[in-house]
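*Asks:* Just one file: run.cif, with mmCIF, N, CA and C atoms.
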```
data_run
loop_
_atom_site.group_PDB
_atom_site.id
_atom_site.type_symbol
_atom_site.label_atom_id
_atom_site.label_comp_id
_atom_site.auth_asym_id
_atom_site.auth_seq_id
_atom_site.Cartn_x
_atom_site.Cartn_y
_atom_site.Cartn_z
ATOM 1 N N MET A 280 0.824 -1.176 0.000
ATOM 2 C CA MET A 280 0.000 0.000 0.000
ATOM 3 C C MET A 280 0.874 1.249 0.000
ATOM 4 N N ILE A 281 0.528 2.199 -0.846
ATOM 5 C CA ILE A 281 1.209 3.484 -0.872
ATOM 6 C C ILE A 281 0.234 4.525 -0.312
ATOM 7 N N PRO A 282 0.536 5.075 0.863
ATOM 8 C CA PRO A 282 -0.399 6.039 1.462
ATOM 9 C C PRO A 282 -0.446 7.337 0.670
ATOM 10 N N VAL A 283 -1.619 7.950 0.624
ATOM 11 C CA VAL A 283 -1.770 9.237 -0.032
ATOM 12 C C VAL A 283 -1.085 10.312 0.799
ATOM 13 N N TYR A 284 -1.192 10.179 2.097
ATOM 14 C CA TYR A 284 -0.579 11.157 2.987
ATOM 15 C C TYR A 284 -0.287 10.508 4.328
ATOM 16 N N GLU A 285 0.857 10.793 4.877
ATOM 17 C CA GLU A 285 1.199 10.311 6.204
ATOM 18 C C GLU A 285 1.318 11.510 7.133
ATOM 19 N N PRO A 286 0.533 11.541 8.221
ATOM 20 C CA PRO A 286 0.631 12.677 9.135
ATOM 21 C C PRO A 286 1.976 12.707 9.849
ATOM 22 N N ILE A 287 2.434 13.909 10.126
ATOM 23 C CA ILE A 287 3.686 14.092 10.854
ATOM 24 C C ILE A 287 3.351 14.746 12.187
ATOM 25 N N PHE A 288 3.693 14.077 13.263
ATOM 26 C CA PHE A 288 3.440 14.601 14.601
ATOM 27 C C PHE A 288 4.781 14.925 15.251
ATOM 28 N N ASN A 289 5.169 16.197 15.193
ATOM 29 C CA ASN A 289 6.449 16.618 15.764
ATOM 30 C C ASN A 289 6.317 17.323 17.106
ATOM 31 N N GLY A 290 5.120 17.708 17.471
ATOM 32 C CA GLY A 290 4.934 18.486 18.696
ATOM 33 C C GLY A 290 3.768 17.972 19.512
ATOM 34 N N ASN A 291 2.823 18.852 19.750
ATOM 35 C CA ASN A 291 1.674 18.536 20.599
ATOM 36 C C ASN A 291 0.475 18.000 19.820
ATOM 37 N N GLU A 292 0.654 17.658 18.566
ATOM 38 C CA GLU A 292 -0.467 17.233 17.724
ATOM 39 C C GLU A 292 -1.249 16.067 18.319
ATOM 40 N N LYS A 293 -0.555 15.039 18.799
ATOM 41 C CA LYS A 293 -1.253 13.870 19.372
ATOM 42 C C LYS A 293 -2.073 14.278 20.587
ATOM 43 N N LYS A 294 -1.509 15.139 21.422
ATOM 44 C CA LYS A 294 -2.208 15.602 22.623
ATOM 45 C C LYS A 294 -3.461 16.386 22.226
ATOM 46 N N TYR A 295 -3.340 17.281 21.258
ATOM 47 C CA TYR A 295 -4.481 18.082 20.827
ATOM 48 C C TYR A 295 -5.532 17.229 20.125
ATOM 49 N N LEU A 296 -5.094 16.271 19.336
ATOM 50 C CA LEU A 296 -6.030 15.368 18.674
ATOM 51 C C LEU A 296 -6.806 14.555 19.701
ATOM 52 N N GLN A 297 -6.120 14.052 20.700
ATOM 53 C CA GLN A 297 -6.789 13.282 21.758
ATOM 54 C C GLN A 297 -7.782 14.158 22.513
ATOM 55 N N GLU A 298 -7.426 15.413 22.747
ATOM 56 C CA GLU A 298 -8.347 16.346 23.421
ATOM 57 C C GLU A 298 -9.613 16.540 22.592
ATOM 58 N N CYS A 299 -9.457 16.686 21.281
ATOM 59 C CA CYS A 299 -10.624 16.833 20.402
ATOM 60 C C CYS A 299 -11.506 15.593 20.453
ATOM 61 N N ILE A 300 -10.897 14.425 20.411
ATOM 62 C CA ILE A 300 -11.655 13.169 20.467
ATOM 63 C C ILE A 300 -12.378 13.055 21.798
ATOM 64 N N ASP A 301 -11.681 13.331 22.893
ATOM 65 C CA ASP A 301 -12.284 13.224 24.224
ATOM 66 C C ASP A 301 -13.456 14.185 24.412
ATOM 67 N N LYS A 302 -13.375 15.368 23.783
ATOM 68 C CA LYS A 302 -14.429 16.372 23.941
ATOM 69 C C LYS A 302 -15.472 16.316 22.825
ATOM 70 N N GLY A 303 -15.319 15.350 21.898
ATOM 71 C CA GLY A 303 -16.279 15.217 20.806
ATOM 72 C C GLY A 303 -16.221 16.361 19.818
ATOM 73 N N GLN A 304 -15.059 16.950 19.642
ATOM 74 C CA GLN A 304 -14.899 18.085 18.740
ATOM 75 C C GLN A 304 -14.268 17.690 17.414
ATOM 76 N N VAL A 305 -14.540 16.492 16.963
ATOM 77 C CA VAL A 305 -14.000 16.046 15.683
ATOM 78 C C VAL A 305 -15.022 16.431 14.618
ATOM 79 N N SER A 306 -15.024 17.695 14.280
ATOM 80 C CA SER A 306 -15.960 18.235 13.304
ATOM 81 C C SER A 306 -15.421 19.568 12.822
ATOM 82 N N SER A 307 -16.317 20.409 12.361
ATOM 83 C CA SER A 307 -15.890 21.712 11.853
ATOM 84 C C SER A 307 -15.996 22.799 12.912
ATOM 85 N N ALA A 308 -16.105 22.428 14.162
ATOM 86 C CA ALA A 308 -16.230 23.408 15.229
ATOM 87 C C ALA A 308 -15.299 23.054 16.376
ATOM 88 N N GLY A 309 -15.089 24.003 17.242
ATOM 89 C CA GLY A 309 -14.253 23.761 18.409
ATOM 90 C C GLY A 309 -13.156 24.794 18.518
ATOM 91 N N LYS A 310 -12.488 24.781 19.660
ATOM 92 C CA LYS A 310 -11.504 25.826 19.926
ATOM 93 C C LYS A 310 -10.301 25.761 18.986
ATOM 94 N N PHE A 311 -9.940 24.574 18.537
ATOM 95 C CA PHE A 311 -8.772 24.470 17.661
ATOM 96 C C PHE A 311 -9.069 25.027 16.271
ATOM 97 N N VAL A 312 -10.298 24.840 15.798
ATOM 98 C CA VAL A 312 -10.680 25.401 14.492
ATOM 99 C C VAL A 312 -10.669 26.920 14.587
ATOM 100 N N LYS A 313 -11.268 27.451 15.624
ATOM 101 C CA LYS A 313 -11.311 28.908 15.817
ATOM 102 C C LYS A 313 -9.892 29.473 15.928
ATOM 103 N N LYS A 314 -9.042 28.800 16.687
ATOM 104 C CA LYS A 314 -7.654 29.244 16.860
ATOM 105 C C LYS A 314 -6.913 29.215 15.518
ATOM 106 N N PHE A 315 -7.124 28.161 14.735
ATOM 107 C CA PHE A 315 -6.499 28.068 13.421
ATOM 108 C C PHE A 315 -6.947 29.220 12.528
ATOM 109 N N GLU A 316 -8.263 29.481 12.491
ATOM 110 C CA GLU A 316 -8.793 30.560 11.652
ATOM 111 C C GLU A 316 -8.200 31.909 12.055
ATOM 112 N N GLU A 317 -8.112 32.162 13.349
ATOM 113 C CA GLU A 317 -7.556 33.428 13.832
ATOM 114 C C GLU A 317 -6.084 33.568 13.454
ATOM 115 N N LYS A 318 -5.313 32.515 13.663
ATOM 116 C CA LYS A 318 -3.880 32.568 13.342
ATOM 117 C C LYS A 318 -3.645 32.663 11.835
ATOM 118 N N PHE A 319 -4.468 31.946 11.062
ATOM 119 C CA PHE A 319 -4.307 31.997 9.613
ATOM 120 C C PHE A 319 -4.658 33.384 9.083
ATOM 121 N N ALA A 320 -5.726 33.987 9.610
ATOM 122 C CA ALA A 320 -6.115 35.337 9.188
ATOM 123 C C ALA A 320 -4.995 36.328 9.493
ATOM 124 N N LYS A 321 -4.408 36.189 10.657
ATOM 125 C CA LYS A 321 -3.298 37.073 11.023
ATOM 126 C C LYS A 321 -2.124 36.864 10.076
ATOM 127 N N TRP A 322 -1.782 35.615 9.801
ATOM 128 C CA TRP A 322 -0.678 35.294 8.902
ATOM 129 C C TRP A 322 -0.930 35.854 7.502
ATOM 130 N N ALA A 323 -2.185 35.761 7.038
ATOM 131 C CA ALA A 323 -2.549 36.221 5.697
ATOM 132 C C ALA A 323 -2.850 37.716 5.662
ATOM 133 N N ASN A 324 -2.709 38.382 6.800
ATOM 134 C CA ASN A 324 -3.017 39.802 6.908
ATOM 135 C C ASN A 324 -4.439 40.080 6.433
ATOM 136 N N ALA A 325 -5.355 39.228 6.888
ATOM 137 C CA ALA A 325 -6.770 39.335 6.521
ATOM 138 C C ALA A 325 -7.593 39.536 7.793
ATOM 139 N N GLN A 326 -8.775 40.113 7.615
ATOM 140 C CA GLN A 326 -9.635 40.326 8.771
ATOM 141 C C GLN A 326 -10.231 39.009 9.260
ATOM 142 N N TYR A 327 -10.546 38.110 8.325
ATOM 143 C CA TYR A 327 -11.171 36.834 8.663
ATOM 144 C C TYR A 327 -10.542 35.703 7.862
ATOM 145 N N ALA A 328 -10.727 34.491 8.367
ATOM 146 C CA ALA A 328 -10.361 33.278 7.638
ATOM 147 C C ALA A 328 -11.402 32.225 7.972
ATOM 148 N N ILE A 329 -11.674 31.351 7.031
ATOM 149 C CA ILE A 329 -12.658 30.295 7.236
ATOM 150 C C ILE A 329 -12.002 28.955 6.957
ATOM 151 N N ALA A 330 -12.044 28.058 7.922
ATOM 152 C CA ALA A 330 -11.567 26.696 7.724
ATOM 153 C C ALA A 330 -12.691 25.906 7.066
ATOM 154 N N THR A 331 -12.349 25.093 6.097
ATOM 155 C CA THR A 331 -13.346 24.262 5.429
ATOM 156 C C THR A 331 -12.989 22.793 5.614
ATOM 157 N N SER A 332 -13.967 21.941 5.338
ATOM 158 C CA SER A 332 -13.769 20.503 5.571
ATOM 159 C C SER A 332 -13.148 19.790 4.381
ATOM 160 N N SER A 333 -13.057 20.464 3.243
ATOM 161 C CA SER A 333 -12.478 19.816 2.066
ATOM 162 C C SER A 333 -12.024 20.868 1.066
ATOM 163 N N GLY A 334 -11.233 20.438 0.121
ATOM 164 C CA GLY A 334 -10.810 21.329 -0.951
ATOM 165 C C GLY A 334 -11.982 21.792 -1.788
ATOM 166 N N THR A 335 -12.959 20.903 -1.989
ATOM 167 C CA THR A 335 -14.145 21.252 -2.762
ATOM 168 C C THR A 335 -14.915 22.378 -2.086
ATOM 169 N N SER A 336 -15.140 22.249 -0.783
ATOM 170 C CA SER A 336 -15.881 23.306 -0.086
ATOM 171 C C SER A 336 -15.066 24.598 -0.039
ATOM 172 N N ALA A 337 -13.746 24.500 0.003
ATOM 173 C CA ALA A 337 -12.901 25.701 -0.032
ATOM 174 C C ALA A 337 -13.038 26.410 -1.376
ATOM 175 N N LEU A 338 -13.031 25.639 -2.467
ATOM 176 C CA LEU A 338 -13.190 26.236 -3.795
ATOM 177 C C LEU A 338 -14.574 26.843 -3.963
ATOM 178 N N GLU A 339 -15.608 26.146 -3.486
ATOM 179 C CA GLU A 339 -16.971 26.680 -3.566
ATOM 180 C C GLU A 339 -17.092 27.975 -2.762
ATOM 181 N N THR A 340 -16.487 28.011 -1.585
ATOM 182 C CA THR A 340 -16.526 29.205 -0.744
ATOM 183 C C THR A 340 -15.788 30.358 -1.421
ATOM 184 N N ALA A 341 -14.638 30.065 -2.014
ATOM 185 C CA ALA A 341 -13.872 31.105 -2.708
ATOM 186 C C ALA A 341 -14.653 31.664 -3.900
ATOM 187 N N LEU A 342 -15.309 30.789 -4.658
ATOM 188 C CA LEU A 342 -16.118 31.253 -5.782
ATOM 189 C C LEU A 342 -17.271 32.121 -5.296
ATOM 190 N N TRP A 343 -17.954 31.685 -4.248
ATOM 191 C CA TRP A 343 -19.067 32.448 -3.684
ATOM 192 C C TRP A 343 -18.583 33.816 -3.203
ATOM 193 N N ALA A 344 -17.461 33.828 -2.472
ATOM 194 C CA ALA A 344 -16.932 35.087 -1.936
ATOM 195 C C ALA A 344 -16.487 36.027 -3.041
ATOM 196 N N SER A 345 -16.103 35.462 -4.179
ATOM 197 C CA SER A 345 -15.673 36.271 -5.325
ATOM 198 C C SER A 345 -16.842 36.754 -6.168
ATOM 199 N N GLY A 346 -18.045 36.321 -5.823
ATOM 200 C CA GLY A 346 -19.229 36.739 -6.572
ATOM 201 C C GLY A 346 -19.496 35.906 -7.809
ATOM 202 N N ILE A 347 -18.786 34.796 -7.947
ATOM 203 C CA ILE A 347 -18.990 33.916 -9.106
ATOM 204 C C ILE A 347 -20.052 32.893 -8.719
ATOM 205 N N SER A 348 -21.260 33.079 -9.241
ATOM 206 C CA SER A 348 -22.341 32.170 -8.871
ATOM 207 C C SER A 348 -23.010 31.524 -10.074
ATOM 208 N N LYS A 349 -22.681 32.000 -11.264
ATOM 209 C CA LYS A 349 -23.297 31.447 -12.469
ATOM 210 C C LYS A 349 -22.213 31.170 -13.493
ATOM 211 N N GLY A 350 -22.556 30.311 -14.405
ATOM 212 C CA GLY A 350 -21.614 29.991 -15.464
ATOM 213 C C GLY A 350 -20.926 28.669 -15.197
ATOM 214 N N LEU A 351 -19.978 28.374 -16.020
ATOM 215 C CA LEU A 351 -19.246 27.113 -15.936
ATOM 216 C C LEU A 351 -17.874 27.360 -15.335
ATOM 217 N N VAL A 352 -17.578 26.647 -14.278
ATOM 218 C CA VAL A 352 -16.262 26.716 -13.659
ATOM 219 C C VAL A 352 -15.692 25.307 -13.694
ATOM 220 N N ILE A 353 -14.565 25.154 -14.333
ATOM 221 C CA ILE A 353 -13.946 23.828 -14.465
ATOM 222 C C ILE A 353 -12.832 23.707 -13.430
ATOM 223 N N LEU A 354 -12.948 22.675 -12.610
ATOM 224 C CA LEU A 354 -11.977 22.414 -11.556
ATOM 225 C C LEU A 354 -11.499 20.976 -11.657
ATOM 226 N N PRO A 355 -10.326 20.669 -11.141
ATOM 227 C CA PRO A 355 -9.872 19.283 -11.156
ATOM 228 C C PRO A 355 -10.749 18.405 -10.289
ATOM 229 N N VAL A 356 -10.859 17.152 -10.680
ATOM 230 C CA VAL A 356 -11.669 16.193 -9.918
ATOM 231 C C VAL A 356 -11.052 15.944 -8.549
ATOM 232 N N SER A 357 -9.744 15.886 -8.508
ATOM 233 C CA SER A 357 -9.065 15.592 -7.255
ATOM 234 C C SER A 357 -7.825 16.457 -7.158
ATOM 235 N N THR A 358 -7.624 17.030 -5.985
ATOM 236 C CA THR A 358 -6.398 17.797 -5.743
ATOM 237 C C THR A 358 -5.794 17.328 -4.438
ATOM 238 N N ILE A 359 -4.491 17.373 -4.347
ATOM 239 C CA ILE A 359 -3.834 16.989 -3.109
ATOM 240 C C ILE A 359 -2.533 17.782 -3.002
ATOM 241 N N LEU A 360 -2.266 18.259 -1.819
ATOM 242 C CA LEU A 360 -1.060 19.018 -1.553
ATOM 243 C C LEU A 360 -0.164 18.165 -0.675
ATOM 244 N N ILE A 361 1.010 17.889 -1.146
ATOM 245 C CA ILE A 361 1.936 17.070 -0.369
ATOM 246 C C ILE A 361 3.148 17.901 -0.020
#
```
The structure given in the file should be rewritten as structure tokens.
*Replies:*
Amino acid sequence: MIPVYEPIFNGNEKKYLQECIDKGQVSSAGKFVKKFEEKFAKWANAQYAIATSSGTSALETALWASGISKGLVILPVSTILI
């Protein structure tokens, strides 16, 4: 088997992941998502940032935010960042 992606845990990732599991925050909400959005917005010098659950929802959100709601938009079927 060739994995598509192997997670790298160099710091507190396992501890934070376990905290999310223990608190039932394995979803699109919770303190870690909010913290990520705040830090990413600061890094991007933006007022806001939105974490999404997939690349597809990120692209749909970007199109919506850009005012593109009609017409044909061609996107790749699958994208992955390694």
*Asks:* For the helix (DSSP H, G or I) assignment from backbone DSSP, which residues of chain A qualify? Please present them as a PyMOL selection string.
*Replies:* chain A and resi 292-302+310-322+334-344
*Asks:* Quick one: residues within 12 Å of region 314-328 of chain A, only C-alpha atoms, excluding same-chain residues fewer than 5 positions away - as a ChimeraX atom specification?
*Replies:* /A:307-309,337,340-341,344
*Asks:* Just the number, please: distance in Å from CA of Lys293 (chain A) to CA of Phe311 (chain A), one decimal.
*Replies:*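 So the answer is 13.1 Å.
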*Asks:* Can you tell me how far atom N of Ser345 (chain A) sits from atom N of Lys313 (chain A), in Å to one decimal?
*Replies:*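 If I compute the distance from atom N of Ser345 (chain A) to atom N of Lys313 (chain A), I get 21.9 Å.
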*Asks:* Enclose the full set of atoms of region 323-326 of chain A listed in the file within a box whose edges lie along x, y and z, apply 4 Å of padding to each of the six sides, and report centre and edge lengths in Å to one decimal as lines of an AutoDock Vina configuration file.
*Replies:*
```
center_x = -6.2
center_y = 38.0
center_z = 7.5
size_x = 16.0
size_y = 12.6
size_z = 11.6
```
*Asks:* In terms of the shortest atom-to-atom distance over all atoms listed in the file, which of A:Cys299, A:Met280, A:Val312, A:Ile353 is closest to Ala330 (chain A)?
*Replies:*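 Going through A:Cys299, A:Met280, A:Val312, A:Ile353 one by one, the smallest distance to Ala330 (chain A) is for A:Val312.
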*Asks:* Atom N of Ile329 (chain A) and CA of Pro282 (chain A) are how many Å apart?
*Replies:*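 CA of Pro282 (chain A) lies at a distance of 28.3 Å from atom N of Ile329 (chain A).
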